[in-house]
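Structure file protein03.csv (CSV, C-alpha atoms and all ligand atoms) is printed below.
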```csv
chain,number,residue,atom,x,y,z
Q,1,MET,CA,11.3,-41.4,-3.8
Q,2,ALA,CA,10.9,-41.6,-0.1
Q,3,GLU,CA,10.4,-38.3,1.7
Q,4,LYS,CA,13.1,-37.4,4.1
Q,5,ILE,CA,12.1,-36.5,7.7
Q,6,LEU,CA,14.6,-34.8,10.0
Q,7,ILE,CA,13.9,-35.6,13.7
Q,8,VAL,CA,15.4,-33.1,16.1
Q,9,GLU,CA,14.9,-34.7,19.5
Q,10,ASP,CA,17.3,-35.1,22.5
Q,11,GLU,CA,15.4,-37.9,24.1
Q,12,GLN,CA,17.0,-40.9,22.4
Q,13,ASN,CA,14.1,-43.3,23.0
Q,14,ILE,CA,11.6,-41.0,21.5
Q,15,ALA,CA,13.8,-40.3,18.5
Q,16,GLU,CA,14.3,-44.0,17.9
Q,17,LEU,CA,10.6,-44.7,18.3
Q,18,LEU,CA,9.8,-42.0,15.7
Q,19,ARG,CA,12.4,-43.4,13.4
Q,20,LEU,CA,11.1,-47.0,13.7
Q,21,TYR,CA,7.6,-45.9,13.0
Q,22,LEU,CA,8.3,-43.5,10.2
Q,23,GLU,CA,10.6,-45.9,8.4
Q,24,ARG,CA,7.9,-48.6,8.6
Q,25,GLU,CA,5.7,-46.1,6.9
Q,26,GLY,CA,8.2,-45.8,4.0
Q,27,LEU,CA,9.7,-42.5,5.1
Q,28,GLU,CA,13.4,-41.9,5.3
Q,29,THR,CA,14.7,-40.5,8.6
Q,30,VAL,CA,17.7,-38.6,10.0
Q,31,ILE,CA,18.1,-38.0,13.7
Q,32,ALA,CA,19.8,-35.0,15.4
Q,33,ASN,CA,20.0,-35.0,19.2
Q,34,ASP,CA,20.5,-31.3,19.8
Q,35,GLY,CA,19.7,-28.0,18.2
Q,36,GLU,CA,23.1,-27.2,16.7
Q,37,ARG,CA,23.2,-30.6,15.1
Q,38,GLY,CA,19.7,-30.2,14.0
Q,39,VAL,CA,20.6,-27.1,12.0
Q,40,ALA,CA,23.7,-28.8,10.6
Q,41,GLU,CA,21.7,-31.9,9.5
Q,42,PHE,CA,19.1,-29.6,8.0
Q,43,GLU,CA,21.7,-28.0,5.8
Q,44,ARG,CA,23.3,-31.3,4.9
Q,45,VAL,CA,20.2,-33.4,4.0
Q,46,ARG,CA,17.7,-30.8,3.0
Q,47,PRO,CA,14.7,-32.8,4.4
Q,48,ASP,CA,11.2,-32.6,3.2
Q,49,LEU,CA,9.9,-32.1,6.7
Q,50,VAL,CA,11.3,-31.5,10.2
Q,51,LEU,CA,9.9,-32.9,13.4
Q,52,LEU,CA,11.3,-30.4,16.0
Q,53,ASP,CA,11.3,-30.8,19.7
Q,54,ILE,CA,11.1,-27.4,21.6
Q,55,MET,CA,13.1,-28.3,24.7
Q,56,LEU,CA,16.5,-29.1,23.5
Q,57,PRO,CA,19.9,-28.6,25.2
Q,58,GLY,CA,21.8,-25.6,23.9
Q,59,LEU,CA,19.9,-24.1,20.9
Q,60,ASP,CA,16.3,-24.8,21.6
Q,61,GLY,CA,13.5,-25.7,19.1
Q,62,TRP,CA,12.6,-22.0,18.5
Q,63,GLY,CA,16.2,-21.1,17.8
Q,64,VAL,CA,16.4,-24.0,15.3
Q,65,LEU,CA,13.2,-23.0,13.7
Q,66,ARG,CA,14.4,-19.4,13.2
Q,67,LYS,CA,17.6,-20.7,11.5
Q,68,ILE,CA,15.6,-23.0,9.2
Q,69,ARG,CA,13.2,-20.2,8.3
Q,70,ALA,CA,16.1,-17.9,7.4
Q,71,GLN,CA,16.9,-20.2,4.6
Q,72,ALA,CA,14.0,-22.4,3.6
Q,73,ASP,CA,10.2,-22.9,3.6
Q,74,THR,CA,10.5,-26.5,4.6
Q,75,PRO,CA,7.5,-27.6,6.7
Q,76,VAL,CA,8.2,-27.9,10.4
Q,77,ILE,CA,6.0,-29.7,13.0
Q,78,MET,CA,6.9,-28.8,16.6
Q,79,LEU,CA,6.9,-31.5,19.3
Q,80,THR,CA,5.8,-30.1,22.7
Q,81,ALA,CA,5.8,-31.8,26.1
Q,82,LYS,CA,2.6,-32.3,27.9
Q,83,GLY,CA,2.0,-29.3,30.2
Q,84,GLU,CA,4.4,-27.1,28.2
Q,85,THR,CA,2.4,-24.2,27.0
Q,86,PHE,CA,2.5,-23.8,23.3
Q,87,ASP,CA,1.3,-20.5,22.0
Q,88,LYS,CA,-0.3,-21.0,18.6
Q,89,VAL,CA,0.2,-17.4,17.6
Q,90,THR,CA,3.8,-17.4,18.5
Q,91,GLY,CA,4.2,-20.7,16.7
Q,92,LEU,CA,2.6,-19.3,13.6
Q,93,GLU,CA,4.6,-16.1,13.8
Q,94,MET,CA,7.8,-18.2,14.0
Q,95,GLY,CA,6.7,-20.2,11.0
Q,96,ALA,CA,5.8,-23.6,12.5
Q,97,ASP,CA,3.2,-25.5,10.4
Q,98,ASP,CA,1.7,-27.7,13.1
Q,99,TYR,CA,2.5,-29.0,16.5
Q,100,ILE,CA,2.0,-32.3,18.3
Q,101,THR,CA,1.9,-32.8,22.1
Q,102,LYS,CA,3.9,-35.6,23.8
Q,103,PRO,CA,3.2,-38.4,24.6
Q,104,PHE,CA,1.9,-38.9,21.1
Q,105,ASP,CA,0.0,-41.5,19.3
Q,106,MET,CA,2.3,-42.7,16.4
Q,107,LYS,CA,-0.7,-43.0,14.0
Q,108,GLU,CA,-1.5,-39.4,14.7
Q,109,VAL,CA,2.1,-38.3,14.1
Q,110,VAL,CA,2.1,-40.1,10.7
Q,111,ALA,CA,-1.2,-38.6,9.8
Q,112,ARG,CA,0.0,-35.1,10.6
Q,113,ILE,CA,3.2,-35.6,8.6
Q,114,ARG,CA,1.2,-36.8,5.6
Q,115,ALA,CA,-1.2,-33.9,5.9
Q,116,VAL,CA,1.5,-31.2,6.0
Q,117,LEU,CA,3.4,-32.8,3.2
Q,118,ARG,CA,0.3,-32.9,1.1
Q,119,ARG,CA,-0.4,-29.2,1.8
Q,120,TYR,CA,3.1,-28.5,0.5
Q,121,GLY,CA,2.4,-30.5,-2.6
Q,122,GLY,CA,5.6,-32.4,-2.1
Q,123,GLY,CA,7.8,-33.3,-5.0
Q,124,GLU,CA,7.3,-30.2,-7.0
Q,125,SER,CA,10.6,-29.1,-8.5
Q,126,GLY,CA,12.2,-25.9,-7.5
Q,127,ASP,CA,12.3,-24.5,-11.1
Q,128,SER,CA,8.6,-24.8,-11.8
Q,129,LYS,CA,7.9,-22.7,-8.7
Q,130,ARG,CA,9.8,-19.7,-10.1
Q,131,ARG,CA,6.7,-19.1,-12.2
Q,132,LEU,CA,3.4,-19.0,-10.3
Q,133,VAL,CA,0.2,-19.1,-12.3
Q,134,PHE,CA,-3.2,-18.2,-10.8
Q,135,ASP,CA,-6.5,-17.0,-12.3
Q,136,LYS,CA,-5.6,-13.9,-14.3
Q,137,LEU,CA,-2.3,-13.6,-12.5
Q,138,ILE,CA,1.2,-14.8,-13.5
Q,139,ILE,CA,4.2,-14.1,-11.3
Q,140,ASP,CA,7.3,-14.9,-13.3
Q,141,MET,CA,10.5,-14.6,-11.3
Q,142,GLU,CA,12.6,-15.8,-14.2
Q,143,SER,CA,11.7,-12.9,-16.5
Q,144,PHE,CA,10.7,-10.7,-13.5
Q,145,VAL,CA,7.4,-10.0,-15.3
Q,146,LEU,CA,4.0,-9.6,-13.5
Q,147,THR,CA,1.1,-10.3,-15.8
Q,148,VAL,CA,-2.3,-9.2,-14.6
Q,149,ASP,CA,-5.4,-10.1,-16.6
Q,150,GLY,CA,-3.2,-10.9,-19.6
Q,151,LYS,CA,-1.2,-7.6,-19.5
Q,152,PRO,CA,2.3,-7.0,-18.2
Q,153,VAL,CA,2.3,-4.6,-15.3
Q,154,ASP,CA,5.1,-2.3,-14.2
Q,155,ILE,CA,6.1,-3.3,-10.7
Q,156,PRO,CA,9.1,-2.3,-8.5
Q,157,PRO,CA,11.3,-5.3,-7.5
Q,158,LYS,CA,10.4,-5.4,-3.8
Q,159,GLU,CA,6.7,-5.4,-4.5
Q,160,MET,CA,7.3,-8.3,-7.0
Q,161,GLU,CA,9.4,-10.2,-4.5
Q,162,LEU,CA,6.8,-9.6,-1.7
Q,163,LEU,CA,4.0,-10.9,-3.9
Q,164,TYR,CA,6.0,-13.9,-5.0
Q,165,HIS,CA,6.9,-14.7,-1.4
Q,166,LEU,CA,3.3,-14.6,-0.3
Q,167,ALA,CA,1.9,-16.5,-3.3
Q,168,LEU,CA,4.5,-19.2,-3.1
Q,169,SER,CA,2.8,-20.6,0.0
Q,170,PRO,CA,-0.9,-19.7,-0.5
Q,171,ASN,CA,-3.0,-19.3,2.6
Q,172,ARG,CA,0.1,-19.3,4.8
Q,173,VAL,CA,0.0,-16.3,7.2
Q,174,TYR,CA,3.2,-14.2,7.5
Q,175,THR,CA,3.8,-11.6,10.1
Q,176,ARG,CA,5.2,-8.2,9.1
Q,177,ASN,CA,8.5,-9.1,10.8
Q,178,GLN,CA,8.8,-12.3,8.9
Q,179,LEU,CA,8.2,-10.6,5.6
Q,180,LEU,CA,10.8,-8.0,6.5
Q,181,ASP,CA,13.3,-10.7,7.3
Q,182,GLU,CA,12.5,-12.9,4.4
Q,183,VAL,CA,11.9,-10.4,1.6
Q,184,TRP,CA,14.0,-7.4,2.7
Q,185,GLY,CA,16.6,-9.4,4.6
Q,186,PHE,CA,17.9,-9.3,8.2
Q,187,ASP,CA,20.1,-6.3,7.6
Q,188,TYR,CA,17.2,-4.0,6.5
Q,189,PHE,CA,16.5,-1.3,9.1
Q,190,GLY,CA,13.0,-0.5,8.1
Q,191,ASP,CA,10.0,-1.0,10.2
Q,192,SER,CA,6.8,-3.0,9.7
Q,193,ARG,CA,5.1,0.0,8.0
Q,194,THR,CA,7.4,-0.7,5.0
Q,195,VAL,CA,5.4,-3.9,4.5
Q,196,ASP,CA,2.1,-2.2,4.9
Q,197,VAL,CA,3.0,0.4,2.2
Q,198,HIS,CA,4.1,-2.3,-0.2
Q,199,ILE,CA,0.9,-4.3,0.4
Q,200,LYS,CA,-1.2,-1.3,-0.2
Q,201,ARG,CA,0.6,-0.6,-3.6
Q,202,LEU,CA,0.2,-4.3,-4.6
Q,203,ARG,CA,-3.5,-4.1,-3.8
Q,204,GLU,CA,-3.9,-1.1,-6.0
Q,205,LYS,CA,-2.5,-3.2,-8.8
Q,206,LEU,CA,-4.5,-6.4,-8.0
Q,207,GLU,CA,-7.8,-5.3,-6.5
Q,208,GLY,CA,-10.8,-6.8,-8.2
Q,209,VAL,CA,-8.8,-8.7,-10.8
Q,210,SER,CA,-10.1,-12.1,-9.7
Q,211,ASP,CA,-12.3,-13.6,-7.0
Q,212,LYS,CA,-10.2,-16.8,-6.9
Q,213,TRP,CA,-7.4,-15.1,-4.8
Q,214,SER,CA,-6.7,-12.0,-2.8
Q,215,LEU,CA,-4.1,-10.3,-0.6
Q,216,LYS,CA,-5.7,-10.6,2.8
Q,217,THR,CA,-4.9,-8.9,6.1
Q,218,VAL,CA,-5.0,-11.3,9.0
Q,219,TRP,CA,-5.9,-9.0,11.8
Q,220,GLY,CA,-3.4,-8.9,14.6
Q,221,VAL,CA,-1.0,-11.2,12.8
Q,222,GLY,CA,-0.1,-10.2,9.3
Q,223,TYR,CA,-0.8,-11.0,5.7
Q,224,LYS,CA,-1.5,-13.9,3.4
Q,225,PHE,CA,-2.1,-14.6,-0.2
Q,226,GLU,CA,-5.5,-16.3,0.0
Q,227,LEU,CA,-6.4,-18.9,-2.5
Q,228,LYS,CA,-10.0,-20.0,-2.7
Q,229,ASN,CA,-10.1,-23.8,-2.7
Q,230,ASP,CA,-12.0,-25.1,-5.7
Q,231,GLY,CA,-9.4,-27.3,-7.1
Q,232,GLU,CA,-9.5,-30.0,-4.5
Q,301,CA,CA,13.4,-32.5,24.8
```

Take the structure I supplied and represent it as structure tokens, if you would.
Amino acid sequence: MAEKILIVEDEQNIAELLRLYLEREGLETVIANDGERGVAEFERVRPDLVLLDIMLPGLDGWGVLRKIRAQADTPVIMLTAKGETFDKVTGLEMGADDYITKPFDMKEVVARIRAVLRRYGGGESGDSKRRLVFDKLIIDMESFVLTVDGKPVDIPPKEMELLYHLALSPNRVYTRNQLLDEVWGFDYFGDSRTVDVHIKRLREKLEGVSDKWSLKTVWGVGYKFELKNDGE
């Protein structure tokens, strides 16, 4: 099945050029010419990846990215104009996966798309992801049971959800605010120390269990579930 790419770009000629190229590569495309339509199309087609221009009329690319991240982990590649400063840390904090500067080489665009889709292991069904299995660690959200080194471990729901959220996208860095939004929800009036406390308790349960993975602090940014790459 062809992967669906949503192109959110207000410059018609660039959008059409991307469509032409991606379809020639066997990818399916959907175009949205402004931010609001971008969000609407995202919700309608549930694409496998989004190419997202930053400078858009109305809701800009960052606004679109925020709305996408509030509901899904779909990979997003930002399109930035030459000369436009793109802050990598801000991009990362906002949940972008990569960015490409215009004017771009179409071969490079396709290569980046393929790389990001590969990283996400495209095509995995949603159900299989409710149970994450790592070395000496099973996070089962169906039965809500955490198994560490073969034994079930008592764990409060929020700690379980936080661990699951991090482990669902190994090596992806999340900021404390992202984790608050995505695990506790936008309505939660806690502060980022809530995340630190939960991470600390998770570490007490998981410390030293395996050297294949760990809960890492990314200084100045946030946290990630680090998976050592030996399977590739
Ligand atoms: Ca634009």

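Our summary of the geometry notes that atom CA of Thr74 of chain Q is positioned 18.0 Å from atom CA of Leu22 of chain Q.
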
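Proximity to ligand CA 301 (chain Q) was assessed for Q:Ile68, Q:Ala81, Q:Ala40, Q:Leu49 counting all atoms listed in the file; the smallest distance is recorded for Q:Ala81.
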
Tell me which protein, DNA and RNA residues are within 10 Å of Glu23 of chain Q, counting only C-alpha atoms, leaving out same-chain ones fewer than 4 positions away, and put them as a ChimeraX atom specification.
/Q:2,4-5,17-19,27-29

What are the closest atom pairs, with distances in Å to one decimal, for all residues of chain Q lying within 10 Å of ligand CA 301 (chain Q)? Consider all atoms listed in the file, order rows by chain and residue number, and present the result as CSV.
```
residue,atom,partner,partner_atom,distance
Q:Val8,CA,Q:CA301,CA,8.9
Q:Glu9,CA,Q:CA301,CA,5.9
Q:Asp10,CA,Q:CA301,CA,5.2
Q:Glu11,CA,Q:CA301,CA,5.8
Q:Gln12,CA,Q:CA301,CA,9.4
Q:Ile14,CA,Q:CA301,CA,9.3
Q:Asn33,CA,Q:CA301,CA,9.0
Q:Asp34,CA,Q:CA301,CA,8.8
Q:Leu52,CA,Q:CA301,CA,9.3
Q:Asp53,CA,Q:CA301,CA,5.8
Q:Ile54,CA,Q:CA301,CA,6.4
Q:Met55,CA,Q:CA301,CA,4.2
Q:Leu56,CA,Q:CA301,CA,4.8
Q:Pro57,CA,Q:CA301,CA,7.6
Q:Asp60,CA,Q:CA301,CA,8.8
Q:Gly61,CA,Q:CA301,CA,8.9
Q:Leu79,CA,Q:CA301,CA,8.6
Q:Thr80,CA,Q:CA301,CA,8.2
Q:Ala81,CA,Q:CA301,CA,7.7
```

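In this model, the gap between atom CA of Arg69 of chain Q and atom CA of Ala115 of chain Q comes to 20.0 Å.
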
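Within 10 Å of His165 of chain Q, once all atoms listed in the file are used and residues closer than 2 positions along the same chain are dropped, the contacting residues are Glu159, Met160, Glu161, Leu162, Leu163, Ala167, Leu168, Ser169, Pro170, Tyr174, Leu179, Glu182, Val183, Lys224 and Phe225 of chain Q.
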
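Here the question is which of Q:Leu215, Q:Leu65, Q:Ala32, Q:Ala72 gets nearest to Arg203 of chain Q using only C-alpha atoms, and that residue is Q:Leu215.
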
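Distances here use all atoms listed in the file; by that measure, the residue among Q:Val173, Q:Val116, Q:Leu180, Q:Leu146 closest to Trp219 of chain Q is Q:Val173.
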
Taking all atoms listed in the file into account, which of Q:Leu6, Q:Lys158, Q:Lys129, Q:Phe104 comes nearest His198 of chain Q?
Q:Lys158

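Minimum atom-to-atom distances from Q:Ala111, Q:Leu117, Q:Val64, Q:Leu166 to Leu132 of chain Q were compared using all atoms listed in the file, and the lowest value belongs to Q:Leu166.
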
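Residues of protein, DNA and RNA with at least one atom no farther than 10 Å from (-4.4, -15.9, -12.5) are, using all atoms listed in the file, Leu132, Val133, Phe134, Asp135, Lys136, Leu137, Ile138, Ile139, Thr147, Val148, Asp149, Gly150, Val209, Ser210, Asp211, Lys212 and Trp213 of chain Q.
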
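Residues surrounding Gly190 of chain Q within 12 Å are Q:Arg176, Q:Asn177, Q:Leu179, Q:Leu180, Q:Asp181, Q:Val183, Q:Trp184, Q:Gly185, Q:Phe186, Q:Thr194, Q:Val195, Q:Asp196, Q:Val197 [all atoms listed in the file; sequence separation below 4 positions excluded].
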
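You can rank Q:Val221, Q:Leu227, Q:Val145, Q:Val153 by their closest distance to Thr90 of chain Q using only C-alpha atoms, and at the top of that list sits Q:Val221.
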
Straight-line distance linking atom CA of Lys205 of chain Q with atom CA of Ile155 of chain Q, stated in Å to one decimal:
8.8 Å

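The shell of residues at most 10 Å from Leu92 of chain Q, with all atoms listed in the file counted and near chain neighbours (fewer than 2 positions) removed, consists of Asp87, Lys88, Val89, Thr90, Met94, Gly95, Ala96, Asp97, Asp98, Arg172, Val173, Tyr174, Thr175 and Val221 of chain Q.
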
Can you complete the atoms of segment 60-83 of chain Q to N, CA and C atoms and list them as a PDB file, in the frame of the given file?
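The resulting part-v9.pdb:
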```pdb
ATOM      1  N   ASP Q  60      17.541 -24.092  21.451  1.00  0.00           N
ATOM      2  CA  ASP Q  60      16.300 -24.800  21.600  1.00  0.00           C
ATOM      3  C   ASP Q  60      15.485 -24.836  20.260  1.00  0.00           C
ATOM      4  N   GLY Q  61      14.311 -25.473  20.304  1.00  0.00           N
ATOM      5  CA  GLY Q  61      13.500 -25.700  19.100  1.00  0.00           C
ATOM      6  C   GLY Q  61      13.206 -24.354  18.365  1.00  0.00           C
ATOM      7  N   TRP Q  62      12.915 -23.314  19.136  1.00  0.00           N
ATOM      8  CA  TRP Q  62      12.600 -22.000  18.500  1.00  0.00           C
ATOM      9  C   TRP Q  62      13.812 -21.460  17.769  1.00  0.00           C
ATOM     10  N   GLY Q  63      14.967 -21.623  18.390  1.00  0.00           N
ATOM     11  CA  GLY Q  63      16.200 -21.100  17.800  1.00  0.00           C
ATOM     12  C   GLY Q  63      16.476 -21.905  16.465  1.00  0.00           C
ATOM     13  N   VAL Q  64      16.223 -23.220  16.513  1.00  0.00           N
ATOM     14  CA  VAL Q  64      16.400 -24.000  15.300  1.00  0.00           C
ATOM     15  C   VAL Q  64      15.447 -23.610  14.228  1.00  0.00           C
ATOM     16  N   LEU Q  65      14.179 -23.395  14.628  1.00  0.00           N
ATOM     17  CA  LEU Q  65      13.200 -23.000  13.700  1.00  0.00           C
ATOM     18  C   LEU Q  65      13.548 -21.674  12.989  1.00  0.00           C
ATOM     19  N   ARG Q  66      14.052 -20.744  13.785  1.00  0.00           N
ATOM     20  CA  ARG Q  66      14.400 -19.400  13.200  1.00  0.00           C
ATOM     21  C   ARG Q  66      15.539 -19.637  12.170  1.00  0.00           C
ATOM     22  N   LYS Q  67      16.503 -20.491  12.472  1.00  0.00           N
ATOM     23  CA  LYS Q  67      17.600 -20.700  11.500  1.00  0.00           C
ATOM     24  C   LYS Q  67      17.122 -21.424  10.258  1.00  0.00           C
ATOM     25  N   ILE Q  68      16.162 -22.316  10.423  1.00  0.00           N
ATOM     26  CA  ILE Q  68      15.600 -23.000   9.200  1.00  0.00           C
ATOM     27  C   ILE Q  68      14.851 -22.001   8.386  1.00  0.00           C
ATOM     28  N   ARG Q  69      14.012 -21.178   9.033  1.00  0.00           N
ATOM     29  CA  ARG Q  69      13.200 -20.200   8.300  1.00  0.00           C
ATOM     30  C   ARG Q  69      14.011 -19.144   7.586  1.00  0.00           C
ATOM     31  N   ALA Q  70      15.225 -18.910   8.092  1.00  0.00           N
ATOM     32  CA  ALA Q  70      16.100 -17.900   7.400  1.00  0.00           C
ATOM     33  C   ALA Q  70      16.552 -18.402   6.090  1.00  0.00           C
ATOM     34  N   GLN Q  71      16.444 -19.713   5.848  1.00  0.00           N
ATOM     35  CA  GLN Q  71      16.900 -20.200   4.600  1.00  0.00           C
ATOM     36  C   GLN Q  71      15.961 -21.070   3.778  1.00  0.00           C
ATOM     37  N   ALA Q  72      14.853 -21.486   4.386  1.00  0.00           N
ATOM     38  CA  ALA Q  72      14.000 -22.400   3.600  1.00  0.00           C
ATOM     39  C   ALA Q  72      12.526 -22.353   4.155  1.00  0.00           C
ATOM     40  N   ASP Q  73      11.615 -22.768   3.304  1.00  0.00           N
ATOM     41  CA  ASP Q  73      10.200 -22.900   3.600  1.00  0.00           C
ATOM     42  C   ASP Q  73       9.779 -24.279   4.031  1.00  0.00           C
ATOM     43  N   THR Q  74      10.768 -25.123   4.278  1.00  0.00           N
ATOM     44  CA  THR Q  74      10.500 -26.500   4.600  1.00  0.00           C
ATOM     45  C   THR Q  74       9.486 -26.639   5.759  1.00  0.00           C
ATOM     46  N   PRO Q  75       8.473 -27.503   5.601  1.00  0.00           N
ATOM     47  CA  PRO Q  75       7.500 -27.600   6.700  1.00  0.00           C
ATOM     48  C   PRO Q  75       8.102 -28.152   7.981  1.00  0.00           C
ATOM     49  N   VAL Q  76       7.645 -27.566   9.085  1.00  0.00           N
ATOM     50  CA  VAL Q  76       8.200 -27.900  10.400  1.00  0.00           C
ATOM     51  C   VAL Q  76       6.998 -28.226  11.344  1.00  0.00           C
ATOM     52  N   ILE Q  77       7.027 -29.395  11.989  1.00  0.00           N
ATOM     53  CA  ILE Q  77       6.000 -29.700  13.000  1.00  0.00           C
ATOM     54  C   ILE Q  77       6.757 -29.721  14.362  1.00  0.00           C
ATOM     55  N   MET Q  78       6.261 -28.908  15.290  1.00  0.00           N
ATOM     56  CA  MET Q  78       6.900 -28.800  16.600  1.00  0.00           C
ATOM     57  C   MET Q  78       6.396 -29.925  17.516  1.00  0.00           C
ATOM     58  N   LEU Q  79       7.302 -30.446  18.338  1.00  0.00           N
ATOM     59  CA  LEU Q  79       6.900 -31.500  19.300  1.00  0.00           C
ATOM     60  C   LEU Q  79       6.966 -30.772  20.694  1.00  0.00           C
ATOM     61  N   THR Q  80       5.856 -30.768  21.387  1.00  0.00           N
ATOM     62  CA  THR Q  80       5.800 -30.100  22.700  1.00  0.00           C
ATOM     63  C   THR Q  80       5.509 -31.136  23.771  1.00  0.00           C
ATOM     64  N   ALA Q  81       6.078 -30.923  24.954  1.00  0.00           N
ATOM     65  CA  ALA Q  81       5.800 -31.800  26.100  1.00  0.00           C
ATOM     66  C   ALA Q  81       4.475 -31.485  26.689  1.00  0.00           C
ATOM     67  N   LYS Q  82       3.828 -32.496  27.265  1.00  0.00           N
ATOM     68  CA  LYS Q  82       2.600 -32.300  27.900  1.00  0.00           C
ATOM     69  C   LYS Q  82       2.770 -31.241  29.053  1.00  0.00           C
ATOM     70  N   GLY Q  83       1.856 -30.288  29.188  1.00  0.00           N
ATOM     71  CA  GLY Q  83       2.000 -29.300  30.200  1.00  0.00           C
ATOM     72  C   GLY Q  83       2.801 -28.081  29.809  1.00  0.00           C
TER      73      GLY Q  83
END
```
